[in-house]
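With PDB, C-alpha atoms and all ligand atoms inside, this is final_1.pdb:
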```pdb
ATOM      1  CA  MET A   1     115.036 -22.953  55.701
ATOM      2  CA  ALA A   2     116.100 -23.361  59.322
ATOM      3  CA  ASP A   3     119.104 -25.533  60.059
ATOM      4  CA  LYS A   4     117.913 -29.038  61.056
ATOM      5  CA  ASP A   5     120.908 -29.698  63.321
ATOM      6  CA  GLY A   6     120.866 -28.816  66.991
ATOM      7  CA  LEU A   7     117.089 -28.395  67.178
ATOM      8  CA  LYS A   8     115.735 -28.290  70.723
ATOM      9  CA  VAL A   9     113.183 -30.974  71.556
ATOM     10  CA  ALA A  10     109.675 -29.483  71.577
ATOM     11  CA  LYS A  11     108.114 -30.005  75.004
ATOM     12  CA  ASP A  12     106.139 -26.935  76.099
ATOM     13  CA  TYR A  13     102.708 -28.045  74.880
ATOM     14  CA  HIS A  14     100.716 -26.523  77.780
ATOM     15  CA  VAL A  15      98.118 -29.258  77.430
ATOM     16  CA  ASP A  16      96.021 -27.769  80.244
ATOM     17  CA  VAL A  17      95.770 -24.348  78.649
ATOM     18  CA  PRO A  18      92.783 -23.903  76.279
ATOM     19  CA  PHE A  19      93.377 -22.833  72.698
ATOM     20  CA  ALA A  20      93.885 -19.067  72.848
ATOM     21  CA  ARG A  21      92.035 -18.169  69.624
ATOM     22  CA  GLN A  22      88.824 -20.148  70.170
ATOM     23  CA  GLY A  23      86.647 -17.017  70.228
ATOM     24  CA  ASN A  24      82.899 -17.628  70.093
ATOM     25  CA  PHE A  25      82.946 -20.367  67.488
ATOM     26  CA  HIS A  26      82.840 -24.044  68.446
ATOM     27  CA  VAL A  27      85.447 -25.270  65.948
ATOM     28  CA  LYS A  28      89.128 -24.818  66.774
ATOM     29  CA  GLY A  29      91.025 -22.535  64.435
ATOM     30  CA  ALA A  30      87.899 -21.382  62.609
ATOM     31  CA  ASN A  31      86.905 -18.280  64.540
ATOM     32  CA  ASP A  32      88.177 -15.934  61.849
ATOM     33  CA  LEU A  33      86.912 -17.869  58.838
ATOM     34  CA  ASP A  34      83.965 -16.640  56.780
ATOM     35  CA  TRP A  35      80.290 -17.578  57.070
ATOM     36  CA  GLY A  36      80.390 -20.273  54.401
ATOM     37  CA  MET A  37      83.328 -22.082  55.985
ATOM     38  CA  LYS A  38      81.701 -21.858  59.393
ATOM     39  CA  LYS A  39      78.431 -23.200  58.002
ATOM     40  CA  HIS A  40      80.154 -26.264  56.536
ATOM     41  CA  LEU A  41      82.169 -26.817  59.716
ATOM     42  CA  SER A  42      78.964 -26.542  61.761
ATOM     43  CA  ASN A  43      77.394 -29.217  59.567
ATOM     44  CA  ILE A  44      80.329 -31.455  60.515
ATOM     45  CA  PHE A  45      80.886 -30.530  64.187
ATOM     46  CA  ASP A  46      77.727 -30.396  66.288
ATOM     47  CA  PRO A  47      77.487 -26.846  67.687
ATOM     48  CA  LYS A  48      76.162 -28.231  71.012
ATOM     49  CA  THR A  49      79.117 -30.521  71.743
ATOM     50  CA  GLY A  50      81.741 -29.344  69.259
ATOM     51  CA  ASN A  51      82.229 -33.001  68.310
ATOM     52  CA  THR A  52      81.427 -35.304  65.411
ATOM     53  CA  VAL A  53      80.854 -38.938  64.521
ATOM     54  CA  MET A  54      82.080 -39.522  60.987
ATOM     55  CA  PHE A  55      81.430 -42.787  59.189
ATOM     56  CA  ALA A  56      84.268 -43.618  56.776
ATOM     57  CA  PHE A  57      83.337 -45.853  53.849
ATOM     58  CA  ASP A  58      85.849 -44.550  51.307
ATOM     59  CA  HIS A  59      88.015 -47.688  51.484
ATOM     60  CA  GLY A  60      86.910 -48.782  48.015
ATOM     61  CA  TYR A  61      88.902 -45.971  46.437
ATOM     62  CA  PHE A  62      92.007 -48.132  46.738
ATOM     63  CA  MET A  63      90.852 -51.421  48.313
ATOM     64  CA  GLY A  64      87.877 -52.222  46.088
ATOM     65  CA  SER A  65      85.093 -54.125  47.800
ATOM     66  CA  VAL A  66      86.101 -54.791  51.422
ATOM     67  CA  SER A  67      84.324 -56.959  53.950
ATOM     68  CA  GLY A  68      81.346 -55.097  55.344
ATOM     69  CA  LEU A  69      81.150 -52.662  52.422
ATOM     70  CA  GLU A  70      80.157 -55.124  49.702
ATOM     71  CA  ARG A  71      76.757 -53.397  49.424
ATOM     72  CA  LEU A  72      77.064 -49.693  50.143
ATOM     73  CA  ASP A  73      73.432 -49.259  49.145
ATOM     74  CA  LEU A  74      72.387 -51.522  52.039
ATOM     75  CA  ILE A  75      74.794 -50.567  54.827
ATOM     76  CA  ILE A  76      74.777 -46.764  54.521
ATOM     77  CA  PRO A  77      71.013 -46.168  54.937
ATOM     78  CA  LYS A  78      71.048 -48.283  58.125
ATOM     79  CA  LEU A  79      73.628 -45.986  59.705
ATOM     80  CA  LEU A  80      72.204 -42.606  58.761
ATOM     81  CA  ASP A  81      70.528 -41.963  62.122
ATOM     82  CA  SER A  82      73.672 -42.870  64.057
ATOM     83  CA  VAL A  83      76.350 -40.686  62.476
ATOM     84  CA  ASP A  84      76.908 -36.992  61.710
ATOM     85  CA  VAL A  85      79.084 -37.190  58.609
ATOM     86  CA  LEU A  86      79.369 -39.546  55.647
ATOM     87  CA  MET A  87      82.925 -39.843  54.344
ATOM     88  CA  GLY A  88      83.037 -41.408  50.918
ATOM     89  CA  THR A  89      83.971 -41.156  47.283
ATOM     90  CA  ARG A  90      81.753 -39.321  44.813
ATOM     91  CA  GLY A  91      80.923 -42.659  43.170
ATOM     92  CA  ALA A  92      79.700 -44.177  46.407
ATOM     93  CA  LEU A  93      77.849 -41.040  47.482
ATOM     94  CA  ARG A  94      76.112 -40.401  44.165
ATOM     95  CA  ASN A  95      75.164 -44.013  43.609
ATOM     96  CA  CYS A  96      74.348 -45.273  47.084
ATOM     97  CA  VAL A  97      73.328 -42.359  49.342
ATOM     98  CA  PRO A  98      69.875 -40.824  49.056
ATOM     99  CA  PRO A  99      70.290 -37.129  48.180
ATOM    100  CA  ALA A 100      67.508 -36.287  50.645
ATOM    101  CA  CYS A 101      69.811 -37.400  53.454
ATOM    102  CA  LYS A 102      70.671 -34.452  55.680
ATOM    103  CA  LYS A 103      74.046 -35.686  56.888
ATOM    104  CA  ALA A 104      77.228 -33.718  56.300
ATOM    105  CA  ILE A 105      79.442 -34.929  53.475
ATOM    106  CA  ALA A 106      83.214 -35.451  53.627
ATOM    107  CA  LEU A 107      84.100 -36.041  50.006
ATOM    108  CA  ARG A 108      87.230 -38.069  49.258
ATOM    109  CA  THR A 109      88.929 -36.128  46.465
ATOM    110  CA  THR A 110      92.322 -37.788  45.988
ATOM    111  CA  SER A 111      93.125 -41.195  44.560
ATOM    112  CA  GLY A 112      95.708 -42.900  42.400
ATOM    113  CA  SER A 113      96.756 -46.191  43.876
ATOM    114  CA  SER A 114      95.333 -49.599  44.608
ATOM    115  CA  MET A 115      96.035 -52.546  46.866
ATOM    116  CA  LEU A 116      98.047 -54.007  43.984
ATOM    117  CA  ASN A 117     100.766 -51.347  44.400
ATOM    118  CA  ASP A 118     103.514 -51.670  47.014
ATOM    119  CA  ASP A 119     103.797 -47.910  47.350
ATOM    120  CA  LEU A 120     100.403 -46.317  47.929
ATOM    121  CA  SER A 121     101.730 -42.810  48.422
ATOM    122  CA  HIS A 122     101.331 -41.395  44.913
ATOM    123  CA  GLU A 123      97.949 -39.782  44.432
ATOM    124  CA  VAL A 124      96.388 -37.029  42.362
ATOM    125  CA  VAL A 125      93.469 -34.695  42.942
ATOM    126  CA  ALA A 126      90.800 -36.718  41.159
ATOM    127  CA  VAL A 127      87.724 -34.674  42.047
ATOM    128  CA  ASN A 128      87.769 -30.962  41.350
ATOM    129  CA  VAL A 129      86.216 -28.274  43.469
ATOM    130  CA  GLU A 130      83.358 -27.736  40.999
ATOM    131  CA  ASP A 131      82.166 -31.274  41.586
ATOM    132  CA  ALA A 132      82.571 -30.823  45.335
ATOM    133  CA  ILE A 133      80.305 -27.756  45.036
ATOM    134  CA  ARG A 134      77.785 -29.695  42.926
ATOM    135  CA  MET A 135      77.669 -32.363  45.628
ATOM    136  CA  ASN A 136      77.335 -29.758  48.383
ATOM    137  CA  ALA A 137      80.367 -31.288  50.103
ATOM    138  CA  ASP A 138      81.083 -29.977  53.580
ATOM    139  CA  CYS A 139      84.771 -30.786  53.256
ATOM    140  CA  MET A 140      87.203 -32.264  50.749
ATOM    141  CA  ALA A 141      89.379 -35.105  52.073
ATOM    142  CA  VAL A 142      92.974 -35.278  50.842
ATOM    143  CA  GLN A 143      95.387 -38.077  51.720
ATOM    144  CA  THR A 144      98.811 -36.801  52.831
ATOM    145  CA  PHE A 145     101.914 -38.955  52.952
ATOM    146  CA  ILE A 146     104.405 -37.180  55.175
ATOM    147  CA  GLY A 147     107.765 -38.947  55.123
ATOM    148  CA  ALA A 148     106.821 -41.247  52.223
ATOM    149  CA  ASP A 149     107.902 -41.233  48.578
ATOM    150  CA  GLY A 150     104.765 -39.375  47.598
ATOM    151  CA  GLN A 151     105.171 -36.581  50.152
ATOM    152  CA  LEU A 152     105.764 -33.771  47.667
ATOM    153  CA  SER A 153     102.876 -34.644  45.383
ATOM    154  CA  SER A 154     100.524 -35.155  48.318
ATOM    155  CA  ILE A 155     101.408 -31.731  49.726
ATOM    156  CA  ASP A 156     100.829 -30.343  46.244
ATOM    157  CA  ASN A 157      97.397 -32.050  46.183
ATOM    158  CA  LEU A 158      96.646 -30.708  49.634
ATOM    159  CA  SER A 159      97.718 -27.149  48.808
ATOM    160  CA  LYS A 160      95.752 -27.035  45.548
ATOM    161  CA  THR A 161      92.663 -28.333  47.319
ATOM    162  CA  ILE A 162      93.009 -25.794  50.121
ATOM    163  CA  ASN A 163      93.463 -22.984  47.586
ATOM    164  CA  ASP A 164      90.276 -24.079  45.802
ATOM    165  CA  GLY A 165      88.481 -24.584  49.101
ATOM    166  CA  MET A 166      89.374 -21.075  50.258
ATOM    167  CA  ARG A 167      87.990 -19.685  46.993
ATOM    168  CA  TYR A 168      84.600 -21.342  47.509
ATOM    169  CA  SER A 169      84.507 -21.665  51.307
ATOM    170  CA  ILE A 170      84.763 -25.451  51.460
ATOM    171  CA  PRO A 171      86.940 -26.791  54.290
ATOM    172  CA  THR A 172      89.732 -29.273  53.607
ATOM    173  CA  LEU A 173      90.222 -32.423  55.676
ATOM    174  CA  GLY A 174      93.873 -33.531  55.689
ATOM    175  CA  VAL A 175      94.115 -37.294  56.203
ATOM    176  CA  ILE A 176      97.419 -38.449  57.679
ATOM    177  CA  ALA A 177      98.467 -41.680  55.981
ATOM    178  CA  VAL A 178     100.690 -44.171  57.723
ATOM    179  CA  GLY A 179     102.560 -46.504  55.377
ATOM    180  CA  LYS A 180     103.858 -49.941  56.298
ATOM    181  CA  GLN A 181     107.381 -48.625  56.791
ATOM    182  CA  MET A 182     106.342 -45.577  58.785
ATOM    183  CA  GLU A 183     106.463 -45.169  62.543
ATOM    184  CA  ARG A 184     103.207 -44.742  64.474
ATOM    185  CA  THR A 185     104.817 -42.644  67.195
ATOM    186  CA  ASP A 186     103.754 -39.356  68.721
ATOM    187  CA  ARG A 187     106.901 -37.900  67.150
ATOM    188  CA  PHE A 188     105.589 -38.795  63.680
ATOM    189  CA  PHE A 189     102.012 -37.690  64.357
ATOM    190  CA  LYS A 190     103.150 -34.352  65.860
ATOM    191  CA  LEU A 191     105.217 -33.724  62.745
ATOM    192  CA  ALA A 192     102.594 -34.815  60.229
ATOM    193  CA  THR A 193      99.547 -33.171  61.830
ATOM    194  CA  ARG A 194     101.359 -29.896  62.303
ATOM    195  CA  ILE A 195     102.684 -29.810  58.726
ATOM    196  CA  VAL A 196      99.209 -30.457  57.335
ATOM    197  CA  ALA A 197      97.612 -27.851  59.625
ATOM    198  CA  GLU A 198     100.241 -25.278  58.691
ATOM    199  CA  MET A 199      99.520 -25.908  55.010
ATOM    200  CA  GLY A 200      95.996 -24.712  55.856
ATOM    201  CA  ALA A 201      93.880 -27.828  56.361
ATOM    202  CA  ASN A 202      90.809 -27.055  58.475
ATOM    203  CA  ILE A 203      90.420 -30.537  59.985
ATOM    204  CA  ILE A 204      92.994 -33.292  60.478
ATOM    205  CA  LYS A 205      92.262 -36.984  60.524
ATOM    206  CA  THR A 206      94.957 -39.023  62.218
ATOM    207  CA  TYR A 207      95.546 -42.002  64.513
ATOM    208  CA  TYR A 208      95.537 -42.148  68.283
ATOM    209  CA  CYS A 209      99.022 -42.490  69.811
ATOM    210  CA  GLU A 210     100.945 -42.031  73.047
ATOM    211  CA  ASN A 211     101.023 -38.446  74.315
ATOM    212  CA  PHE A 212      97.979 -37.754  72.176
ATOM    213  CA  GLU A 213      97.130 -34.667  74.250
ATOM    214  CA  GLU A 214     100.362 -33.096  73.037
ATOM    215  CA  VAL A 215      99.531 -33.900  69.411
ATOM    216  CA  VAL A 216      96.168 -32.168  69.930
ATOM    217  CA  ALA A 217      97.639 -29.175  71.772
ATOM    218  CA  ALA A 218     100.193 -28.518  69.018
ATOM    219  CA  CYS A 219      97.598 -28.724  66.244
ATOM    220  CA  PRO A 220      95.640 -25.475  65.704
ATOM    221  CA  VAL A 221      92.645 -27.177  64.053
ATOM    222  CA  PRO A 222      90.388 -30.032  65.240
ATOM    223  CA  ILE A 223      91.634 -33.597  65.104
ATOM    224  CA  VAL A 224      89.382 -36.556  64.364
ATOM    225  CA  VAL A 225      90.701 -40.034  64.992
ATOM    226  CA  ALA A 226      90.616 -42.870  62.456
ATOM    227  CA  GLY A 227      89.622 -46.278  63.715
ATOM    228  CA  GLY A 228      92.093 -48.481  61.877
ATOM    229  CA  LYS A 229      91.842 -52.262  61.697
ATOM    230  CA  LYS A 230      88.876 -54.023  63.271
ATOM    231  CA  LEU A 231      89.187 -54.455  67.026
ATOM    232  CA  PRO A 232      86.879 -56.212  69.474
ATOM    233  CA  GLU A 233      84.043 -53.788  70.242
ATOM    234  CA  ASP A 234      85.160 -53.038  73.818
ATOM    235  CA  GLU A 235      88.671 -52.166  72.622
ATOM    236  CA  ALA A 236      87.343 -49.957  69.836
ATOM    237  CA  LEU A 237      85.204 -48.109  72.385
ATOM    238  CA  THR A 238      88.238 -47.653  74.626
ATOM    239  CA  LEU A 239      90.099 -46.185  71.653
ATOM    240  CA  ALA A 240      87.176 -43.828  71.072
ATOM    241  CA  TYR A 241      87.014 -42.841  74.739
ATOM    242  CA  LYS A 242      90.750 -42.195  75.044
ATOM    243  CA  SER A 243      90.702 -40.129  71.847
ATOM    244  CA  ILE A 244      87.827 -37.918  72.987
ATOM    245  CA  SER A 245      88.979 -37.557  76.569
ATOM    246  CA  GLU A 246      92.439 -36.530  75.354
ATOM    247  CA  GLY A 247      91.167 -33.831  73.030
ATOM    248  CA  ALA A 248      90.005 -35.319  69.722
ATOM    249  CA  ARG A 249      86.840 -33.605  68.452
ATOM    250  CA  GLY A 250      85.513 -36.712  66.808
ATOM    251  CA  LEU A 251      85.974 -40.192  65.468
ATOM    252  CA  ASP A 252      86.118 -41.060  61.786
ATOM    253  CA  MET A 253      85.656 -44.802  61.986
ATOM    254  CA  GLY A 254      85.140 -47.296  59.236
ATOM    255  CA  ARG A 255      85.979 -50.936  59.863
ATOM    256  CA  ASN A 256      85.188 -50.787  63.572
ATOM    257  CA  ILE A 257      81.642 -49.889  62.571
ATOM    258  CA  PHE A 258      80.929 -51.667  59.301
ATOM    259  CA  GLN A 259      82.818 -54.877  60.211
ATOM    260  CA  SER A 260      81.101 -55.131  63.596
ATOM    261  CA  GLN A 261      78.413 -57.797  63.792
ATOM    262  CA  HIS A 262      76.168 -54.962  64.963
ATOM    263  CA  PRO A 263      77.175 -51.829  63.025
ATOM    264  CA  VAL A 264      74.225 -49.665  64.085
ATOM    265  CA  GLU A 265      74.574 -50.495  67.780
ATOM    266  CA  MET A 266      78.334 -49.901  67.534
ATOM    267  CA  ALA A 267      77.869 -46.508  65.889
ATOM    268  CA  ASN A 268      75.323 -45.578  68.565
ATOM    269  CA  ALA A 269      77.756 -46.565  71.322
ATOM    270  CA  ILE A 270      80.490 -44.419  69.751
ATOM    271  CA  ARG A 271      77.970 -41.590  69.568
ATOM    272  CA  LYS A 272      77.394 -41.844  73.326
ATOM    273  CA  ILE A 273      81.114 -41.271  73.927
ATOM    274  CA  VAL A 274      81.440 -38.481  71.385
ATOM    275  CA  HIS A 275      78.311 -36.501  72.271
ATOM    276  CA  GLU A 276      77.135 -37.638  75.696
ATOM    277  CA  LYS A 277      80.363 -38.000  77.688
ATOM    278  CA  PHE A 278      79.925 -41.755  78.224
ATOM    279  CA  THR A 279      83.018 -43.625  79.402
ATOM    280  CA  ASP A 280      84.189 -46.619  77.382
ATOM    281  CA  LYS A 281      82.715 -48.969  79.983
ATOM    282  CA  GLU A 282      79.345 -47.222  79.930
ATOM    283  CA  ALA A 283      79.352 -47.235  76.138
ATOM    284  CA  TYR A 284      80.175 -50.943  76.023
ATOM    285  CA  GLU A 285      77.344 -51.698  78.460
ATOM    286  CA  PHE A 286      75.051 -49.631  76.239
ATOM    287  CA  TYR A 287      76.265 -51.615  73.208
ATOM    288  CA  ARG A 288      75.693 -54.971  74.946
ATOM    289  CA  ASP A 289      72.262 -53.958  76.160
ATOM    290  CA  SER A 290      71.342 -52.748  72.655
ATOM    291  CA  ILE A 291      72.323 -55.982  70.936
ATOM    292  CA  HIS A 292      70.339 -58.048  73.447
ATOM    293  CA  GLU A 293      67.151 -56.043  73.127
TER     294      GLU A 293
HETATM  295  C1  LIG B 301      91.707 -43.631  54.937
HETATM  296  O1  LIG B 301      92.586 -43.427  54.197
HETATM  297  C2  LIG B 301      90.696 -44.658  54.698
HETATM  298  O2  LIG B 301      90.229 -44.529  53.452
HETATM  299  C3  LIG B 301      89.606 -44.598  55.736
HETATM  300  O3  LIG B 301      88.829 -43.443  55.622
HETATM  301  C4  LIG B 301      90.181 -44.649  57.107
HETATM  302  O4  LIG B 301      91.183 -45.574  57.173
HETATM  303  C5  LIG B 301      89.126 -44.824  58.190
HETATM  304  O5  LIG B 301      88.641 -46.052  58.171
HETATM  305  P1  LIG B 301      89.089 -47.145  59.238
HETATM  306  O6  LIG B 301      88.445 -46.735  60.537
HETATM  307  O7  LIG B 301      88.545 -48.409  58.695
HETATM  308  O8  LIG B 301      90.570 -47.126  59.342
END
```
Before we go any further, please render this structure as structure tokens.
Amino acid sequence: MADKDGLKVAKDYHVDVPFARQGNFHVKGANDLDWGMKKHLSNIFDPKTGNTVMFAFDHGYFMGSVSGLERLDLIIPKLLDSVDVLMGTRGALRNCVPPACKKAIALRTTSGSSMLNDDLSHEVVAVNVEDAIRMNADCMAVQTFIGADGQLSSIDNLSKTINDGMRYSIPTLGVIAVGKQMERTDRFFKLATRIVAEMGANIIKTYYCENFEEVVAACPVPIVVAGGKKLPEDEALTLAYKSISEGARGLDMGRNIFQSQHPVEMANAIRKIVHEKFTDKEAYEFYRDSIHE
């Protein structure tokens, strides 16, 4: 292992230089993957725009029933036309999503803690790859806790999932967790996203931060941005706009959609930013017009 002392500060991100190994495929880092991987990634990332709107409703796996997700069977069908990917647990998907739905599936596969624990960083792989295959999952989502107590076991979970995913051509989505004690700086996100990408994750879900373009440039696979706590709609749309204009290939939002007073209109406004190059102001106008119709 390289000596940690005397490391030079990384600064040559070349944010204006396109990824050198893009090739002919629309998903970063996937040009040399096989047909099955590319098929799943194309279900997630629209081949026309290269981007995706993911709807995250997996919160129940450690938070139980949260505001806005009390009735998954009612909220999810309303949003199906507005999003590209459904990110949930197998329990929520099997019980509350019609199997005829054509949306891509991001299957949450790790769990192990609950809101009642102080330390949420110890998880296990709870859903095996056979069940992911049975559910026709387009990716398996693994929580990773870089810098937390559970770092080693979460990298073990991630590595095992990637090994299984490579065997059956199912991409792995590495979710960067940020604990209460952890910094939300670009330094942390550069470290965490790069570690998870180097372990072999095909997609990274992380948070927006300062110098986000550098986080994106240093990460050889696509980044999708998590929404985080509920913001006023205009601020959430600004977060979405900044993320996309600084290189994210999608949003994976939960609370900023399902806790909005107008979840469908909010998801449609996010979609305008992600797929139609709307600015945040244009998207907010679209949102306001939609709710007054
Ligand atoms: C991640 O660990 C969570 O389970 C959610 O998928 C994630 O936080 C995205 O949802 P939100 O936009 O509400 O933060």
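Restricting the calculation to all atoms listed in the file, the smallest distance between Ser65 of chain A and any of A:Ser114, A:Thr109, A:Asn51, A:Ser153 is found for A:Ser114.
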Contact residues around segment 139-143 of chain A with all atoms listed in the file at 10 Å, ignoring same-chain residues under 2 positions, as number ranges by chain: A: 37, 40-41, 43-44, 87-89, 104-111, 121-125, 127-129, 132-133, 136-137, 145-146, 154-155, 157-159, 161-162, 165, 169-177, 201-205
Going by the chain IDs and residue numbers used in this file, which residues fall under the PyMOL selection byres (((chain A and resi 30) around 10) and not hetatm)? Write them as a PyMOL selection string. chain A and resi 21-29+31-34+37-38+41+171+202-203+220-222
Env. residues ligand LIG 301 (chain B) / 7 Å / only C-alpha atoms and all ligand atoms / as a compact mmCIF listing (two decimals) with C-alpha atoms, in the coordinates of the input:
```
# COMPACT_ATOMS: atom_id res chain seq x y z
CA ALA A 56 84.27 -43.62 56.78
CA PHE A 57 83.34 -45.85 53.85
CA ASP A 58 85.85 -44.55 51.31
CA HIS A 59 88.02 -47.69 51.48
CA GLN A 143 95.39 -38.08 51.72
CA VAL A 175 94.12 -37.29 56.20
CA ALA A 177 98.47 -41.68 55.98
CA ALA A 226 90.62 -42.87 62.46
CA GLY A 227 89.62 -46.28 63.72
CA GLY A 228 92.09 -48.48 61.88
CA LYS A 229 91.84 -52.26 61.70
CA ASP A 252 86.12 -41.06 61.79
CA MET A 253 85.66 -44.80 61.99
CA GLY A 254 85.14 -47.30 59.24
CA ARG A 255 85.98 -50.94 59.86
CA ASN A 256 85.19 -50.79 63.57
```
So, counting all atoms listed in the file, which residue among A:Phe45, A:Phe286, A:Tyr13, A:Phe212 is closest to Thr185 of chain A?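 That would be A:Phe212, the residue with the smallest distance to Thr185 of chain A.
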Proximity to Lys190 of chain A - best of A:Glu70, A:Ala217, A:Thr144, A:Val178, only C-alpha atoms: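 Using only C-alpha atoms, Lys190 of chain A sits closest to A:Ala217.
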Could you tell me, as a PDB file with C-alpha atoms, keeping the file's coordinate frame, exactly which residues end up selected when the PyMOL selection byres (((chain A and resi 83-85) around 6) and not hetatm) is applied to this structure?
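selection_18.pdb, freshly written:
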```
ATOM      1  CA  VAL A  53      80.854 -38.938  64.521  1.00  0.00           C
ATOM      2  CA  MET A  54      82.080 -39.522  60.987  1.00  0.00           C
ATOM      3  CA  LEU A  80      72.204 -42.606  58.761  1.00  0.00           C
ATOM      4  CA  ASP A  81      70.528 -41.963  62.122  1.00  0.00           C
ATOM      5  CA  SER A  82      73.672 -42.870  64.057  1.00  0.00           C
ATOM      6  CA  LEU A  86      79.369 -39.546  55.647  1.00  0.00           C
ATOM      7  CA  LYS A 103      74.046 -35.686  56.888  1.00  0.00           C
ATOM      8  CA  ALA A 104      77.228 -33.718  56.300  1.00  0.00           C
ATOM      9  CA  ILE A 105      79.442 -34.929  53.475  1.00  0.00           C
TER      10      ILE A 105
END
```
Would you mind reading off the distance between atom CA of Ala283 of chain A and atom CA of Gln261 of chain A, one decimal, in Å?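 Atom-to-atom, atom CA of Ala283 of chain A to atom CA of Gln261 of chain A, that is 16.3 Å.
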Local residues around (86.5, -38.7, 79.1), at most 10 Å away, using all atoms listed in the file, as a JSON list (two decimals) with C-alpha atoms, in the coordinates of the input:
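Resulting contents of part-v1.json:
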```json
[["chain", "number", "residue", "atom", "x", "y", "z"],
["A", 240, "ALA", "CA", 87.18, -43.83, 71.07],
["A", 241, "TYR", "CA", 87.01, -42.84, 74.74],
["A", 242, "LYS", "CA", 90.75, -42.20, 75.04],
["A", 243, "SER", "CA", 90.70, -40.13, 71.85],
["A", 244, "ILE", "CA", 87.83, -37.92, 72.99],
["A", 245, "SER", "CA", 88.98, -37.56, 76.57],
["A", 246, "GLU", "CA", 92.44, -36.53, 75.35],
["A", 247, "GLY", "CA", 91.17, -33.83, 73.03],
["A", 273, "ILE", "CA", 81.11, -41.27, 73.93],
["A", 274, "VAL", "CA", 81.44, -38.48, 71.39],
["A", 277, "LYS", "CA", 80.36, -38.00, 77.69],
["A", 278, "PHE", "CA", 79.92, -41.76, 78.22],
["A", 279, "THR", "CA", 83.02, -43.62, 79.40],
["A", 280, "ASP", "CA", 84.19, -46.62, 77.38]]
```
